[in-house]
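Heads up: the structure comes next, in structure tokens.
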Amino acid sequence: MDRSRVVPLLLGGLSFLSLLSLAGKLHPRPELSPGVGPFLFALTLGLAWLRVPLRRGGFTSLHFLGAVAAAYLFPPLEAALIAGLALPPAKPLRPERELFNRGQLALAGALASVGAGAPFPLSLLLPPVFYLSANLTLTALLFTLGLGKSLTEVRRNLAPFVLSYGALSPLALLLARVLEKAPLTGVPYLDALFVAVGGVYVYDLWRKTRRLEEAILAILETTVRLLEAKDPYTAHHSERVAAIALDIGREMGLSPGLLESLEAGARLHDVGKVAIPDTLLRKEGGLSPEEWAAMREHPVAGAKALAPVASLLGKEAVEIARHQHERWDGEGYPDGLRGERIPLLARIVAVADAYEAMTSDRPYRRALSPEEAARRIREGAGSQFDPEVAEAFLRAWKRGGAWVYKREFVWQTVERL
């Protein structure tokens, strides 16, 4: 069976079973105005609609604010109902994901309510800690067991929002207290809306941050495309390198998270060439020693360009940019790394880049045939290329694919635009 469907079912079911053991636990409940429960349910549902998609799958929302406030005010069962039910259905609707989402949030809400029953001051601190711990643990299990992502990928996906959730914790406590005492206007519902405005401001920051991330990545990819568009010989070079690298990665059994980093790094591996003069990039004759020294600086320039966005792309993408021209025998550049000291994804891109370059026309030579290029990759195994990567490339090459022939790949790429 598909583990992406089985794992959410199992985790969701276990969450609901665990909830049964907490349902009977009580903590002193404050005196509340009539209707606070339904109001908080509706407010939590409204906050849950304010969603921000996560870059590597899933989403985050302001549901946390209302759910933790409910934990301060209500016993575990009621807090679990608000946390688990005040959630809009995901689109497209998938029963196993609904069970997981609602089950893990209900369990997180119940645990947070148990924390609110602890002695002061732990009763203030434990609800958001228990809620986040349960939510993040179950989400990490889903990503790793169900979606095949590494813990590094999970951390990279969730880390930017954990601090924001921590900053929202005092706001959740404030929301609970104004619903209990209504110190501002004497009307708890109106006071609660004033507090919720702060949460909406956080949502706006999240949304703008995601848009900024997307804009930065788009600018980087556009820079590479413009660079390639200046020279008809290198048109669609990076897209083809990425396609080759992905097939090699799949042959080697890389995780989905590493494949994602591999694709990002392969698409941007030549971004450092923006620092190289056009006259040098398009020179038809051989390069002088000084020109060759300047050309060899582009991996370092590329790594420097990507370093500020390493948190978006992953450090592997920066490593690809810097180490794509290292050789297995240590004779490459810029650092002269040898063997497995060269990062794996950079070793993969080195093979993909070499094949793409050999099967493309250049001002100073005609393209090699795919068969000749594959033969040279085989001959370079153990000297220029990692033997394992070269073998994976040859298996992928024998399977065929649009990237095997440059003209076919470019044609299909243009058709998709």
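Chains: A, B, ... in order of the structure tokens. Residues: from 1 per chain. Ligands: from 1, in order shown.
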
task = Check stretch 36-271 of chain A with DSSP on the backbone and list each residue it calls strand (DSSP E or B), as a ChimeraX atom specification.
result = /A:51-53,59-61

Using C-alpha atoms, can you export the residues from the last selection as a PDB file, in the first residue's frame?
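Result saved to part_28.pdb:
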```
ATOM      1  CA  ARG A  51      -2.976  29.785   5.829  1.00  0.00           C
ATOM      2  CA  VAL A  52       0.524  30.124   4.454  1.00  0.00           C
ATOM      3  CA  PRO A  53       1.873  27.263   2.293  1.00  0.00           C
ATOM      4  CA  PHE A  59       0.930  24.732   5.329  1.00  0.00           C
ATOM      5  CA  THR A  60       0.865  26.688   8.558  1.00  0.00           C
ATOM      6  CA  SER A  61      -1.898  28.890   9.936  1.00  0.00           C
TER       7      SER A  61
END
```

query = Using the chain letters and numbers from this document, which residues of stretch 61-296 of chain A does DSSP assign to alpha helix (DSSP H), as a ChimeraX atom specification?
reply = /A:63-73,76-85,95-116,122-141,151-181,188-229,237-251,256-267,278-281,289-295

request  = Would you list the contacts of A:Leu132 as a list in words, taking every protein, DNA or RNA residue within 9 Å and counting only C-alpha atoms, but skipping same-chain residues closer than 6 positions in sequence?
outcome  = Phe64, Ala108, Ala112, Val162, Tyr165 and Gly166 of chain A

query = Using only C-alpha atoms, which residue out of A:Leu168, A:Ala86, A:Val309, A:Leu93 lies closest to A:Trp49?
reply =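 For A:Trp49, the nearest of the given residues is A:Ala86.
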
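Using only C-alpha atoms, the contacts of A:Ala167 at a cut-off of 12 Å, with sequence neighbours closer than 2 positions omitted, comprise Phe64, Leu65, Pro128, Val129, Pro160, Phe161, Val162, Leu163, Ser164, Tyr165, Ser169, Pro170, Leu171, Ala172, Leu173, Gly198, Gly199 and Val202 of chain A.
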
inquiry  = Need the shell around A:Gly249: protein/DNA/RNA residues with any atom at most 9 Å away, counting only C-alpha atoms. Skip same-chain ones fewer than 4 positions apart. Format as a list in words?
reply    = Ile244, Ala245, Gly253, Leu254, Ser255, Leu258, Leu259, Leu262, Leu345, Ile348, Val389, Ala392 and Phe393 of chain A

ask   = Pick from A:His323, A:Arg395, A:Arg362, A:Arg341: nearest to A:Ile377, with only C-alpha atoms counted?
value =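 So, comparing all the options, the nearest one is A:Arg395.
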
inquiry  = Using only C-alpha atoms, which protein or nucleic acid residues come within 12 Å of A:Thr144? Drop anything in the same chain fewer than 2 positions from it, and give the result as a VMD selection string.
reply    = chain A and resid 3 to 4 7 to 8 136 to 142 146 to 155 255 to 257

Would you output that residue set with N, CA and C atoms, as a PDB file, in the first residue's frame?
```pdb
ATOM      1  N   ARG A   3       2.474   4.295   1.306  1.00  0.00           N
ATOM      2  CA  ARG A   3       2.727   4.732   2.678  1.00  0.00           C
ATOM      3  C   ARG A   3       2.291   6.171   2.910  1.00  0.00           C
ATOM      4  N   SER A   4       2.190   6.978   1.833  1.00  0.00           N
ATOM      5  CA  SER A   4       1.722   8.354   2.012  1.00  0.00           C
ATOM      6  C   SER A   4       0.257   8.390   2.420  1.00  0.00           C
ATOM      7  N   VAL A   7       0.457   5.940   6.480  1.00  0.00           N
ATOM      8  CA  VAL A   7       1.054   6.589   7.648  1.00  0.00           C
ATOM      9  C   VAL A   7       0.128   7.651   8.247  1.00  0.00           C
ATOM     10  N   PRO A   8      -0.508   8.540   7.449  1.00  0.00           N
ATOM     11  CA  PRO A   8      -1.450   9.493   8.060  1.00  0.00           C
ATOM     12  C   PRO A   8      -2.605   8.798   8.784  1.00  0.00           C
ATOM     13  N   LEU A 136       4.615  19.216  16.309  1.00  0.00           N
ATOM     14  CA  LEU A 136       5.837  19.081  15.512  1.00  0.00           C
ATOM     15  C   LEU A 136       6.313  17.634  15.439  1.00  0.00           C
ATOM     16  N   THR A 137       6.171  16.895  16.538  1.00  0.00           N
ATOM     17  CA  THR A 137       6.598  15.493  16.531  1.00  0.00           C
ATOM     18  C   THR A 137       5.778  14.679  15.549  1.00  0.00           C
ATOM     19  N   LEU A 138       4.472  14.822  15.596  1.00  0.00           N
ATOM     20  CA  LEU A 138       3.607  14.052  14.689  1.00  0.00           C
ATOM     21  C   LEU A 138       3.784  14.499  13.243  1.00  0.00           C
ATOM     22  N   THR A 139       3.969  15.800  13.025  1.00  0.00           N
ATOM     23  CA  THR A 139       4.201  16.291  11.669  1.00  0.00           C
ATOM     24  C   THR A 139       5.523  15.764  11.122  1.00  0.00           C
ATOM     25  N   ALA A 140       6.559  15.736  11.969  1.00  0.00           N
ATOM     26  CA  ALA A 140       7.851  15.194  11.540  1.00  0.00           C
ATOM     27  C   ALA A 140       7.732  13.717  11.193  1.00  0.00           C
ATOM     28  N   LEU A 141       6.963  12.970  11.967  1.00  0.00           N
ATOM     29  CA  LEU A 141       6.750  11.547  11.665  1.00  0.00           C
ATOM     30  C   LEU A 141       6.045  11.376  10.325  1.00  0.00           C
ATOM     31  N   LEU A 142       5.060  12.236  10.052  1.00  0.00           N
ATOM     32  CA  LEU A 142       4.360  12.155   8.764  1.00  0.00           C
ATOM     33  C   LEU A 142       5.319  12.438   7.614  1.00  0.00           C
ATOM     34  N   GLY A 146       5.891   9.012   6.087  1.00  0.00           N
ATOM     35  CA  GLY A 146       4.870   8.992   5.044  1.00  0.00           C
ATOM     36  C   GLY A 146       5.295   9.601   3.727  1.00  0.00           C
ATOM     37  N   LEU A 147       6.128  10.645   3.781  1.00  0.00           N
ATOM     38  CA  LEU A 147       6.508  11.361   2.563  1.00  0.00           C
ATOM     39  C   LEU A 147       7.968  11.156   2.185  1.00  0.00           C
ATOM     40  N   GLY A 148       8.712  10.401   3.004  1.00  0.00           N
ATOM     41  CA  GLY A 148      10.092  10.073   2.655  1.00  0.00           C
ATOM     42  C   GLY A 148      11.065  11.221   2.767  1.00  0.00           C
ATOM     43  N   LYS A 149      10.736  12.263   3.524  1.00  0.00           N
ATOM     44  CA  LYS A 149      11.644  13.394   3.660  1.00  0.00           C
ATOM     45  C   LYS A 149      12.618  13.137   4.810  1.00  0.00           C
ATOM     46  N   SER A 150      13.808  13.710   4.694  1.00  0.00           N
ATOM     47  CA  SER A 150      14.800  13.561   5.747  1.00  0.00           C
ATOM     48  C   SER A 150      14.475  14.522   6.889  1.00  0.00           C
ATOM     49  N   LEU A 151      15.056  14.244   8.063  1.00  0.00           N
ATOM     50  CA  LEU A 151      14.852  15.135   9.196  1.00  0.00           C
ATOM     51  C   LEU A 151      15.403  16.530   8.906  1.00  0.00           C
ATOM     52  N   THR A 152      16.470  16.583   8.109  1.00  0.00           N
ATOM     53  CA  THR A 152      17.015  17.889   7.719  1.00  0.00           C
ATOM     54  C   THR A 152      15.994  18.686   6.926  1.00  0.00           C
ATOM     55  N   GLU A 153      15.302  18.010   6.000  1.00  0.00           N
ATOM     56  CA  GLU A 153      14.281  18.686   5.203  1.00  0.00           C
ATOM     57  C   GLU A 153      13.114  19.136   6.072  1.00  0.00           C
ATOM     58  N   VAL A 154      12.717  18.283   7.028  1.00  0.00           N
ATOM     59  CA  VAL A 154      11.622  18.642   7.925  1.00  0.00           C
ATOM     60  C   VAL A 154      11.997  19.875   8.737  1.00  0.00           C
ATOM     61  N   ARG A 155      13.214  19.868   9.279  1.00  0.00           N
ATOM     62  CA  ARG A 155      13.657  21.018  10.070  1.00  0.00           C
ATOM     63  C   ARG A 155      13.678  22.289   9.222  1.00  0.00           C
ATOM     64  N   SER A 255      16.600  10.385  -1.428  1.00  0.00           N
ATOM     65  CA  SER A 255      15.302  10.715  -0.838  1.00  0.00           C
ATOM     66  C   SER A 255      14.654  11.870  -1.595  1.00  0.00           C
ATOM     67  N   PRO A 256      13.321  12.021  -1.482  1.00  0.00           N
ATOM     68  CA  PRO A 256      12.663  13.163  -2.142  1.00  0.00           C
ATOM     69  C   PRO A 256      13.248  14.507  -1.733  1.00  0.00           C
ATOM     70  N   GLY A 257      13.647  14.635  -0.466  1.00  0.00           N
ATOM     71  CA  GLY A 257      14.223  15.902  -0.023  1.00  0.00           C
ATOM     72  C   GLY A 257      15.540  16.203  -0.705  1.00  0.00           C
TER      73      GLY A 257
END
```

inquiry  = For A:His63, find every residue with an atom within 6 Å (counting only C-alpha atoms), except residues of its own chain fewer than 6 positions away, and show them as number ranges by chain.
reply    = A: 44, 47-48

Residue selection dump (C-alpha atoms) as a PDB file, in the first residue's frame:
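Okay, this is what ended up in selection-v7.pdb:
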```pdb
ATOM      1  CA  THR A  44     -10.238  29.551  15.881  1.00  0.00           C
ATOM      2  CA  LEU A  47      -7.898  32.062  12.189  1.00  0.00           C
ATOM      3  CA  ALA A  48      -7.301  28.611  10.659  1.00  0.00           C
TER       4      ALA A  48
END
```

inquiry  = Between A:Ile216, A:Ala90, A:Leu205, A:Ala294, which residue has the minimum interatomic distance to A:Leu281, considering only C-alpha atoms?
reply    = A:Ala294

request  = Quote the spacing between atom CA of A:Pro334 and atom CA of A:Gln384 in Å to one decimal place.
outcome  = 14.4 Å

inquiry  = Using Å and a single decimal, report how far atom CA of A:Ser261 sits from atom CA of A:Gly401.
reply    =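 Between atom CA of A:Gly401 and atom CA of A:Ser261 the gap is 21.3 Å.
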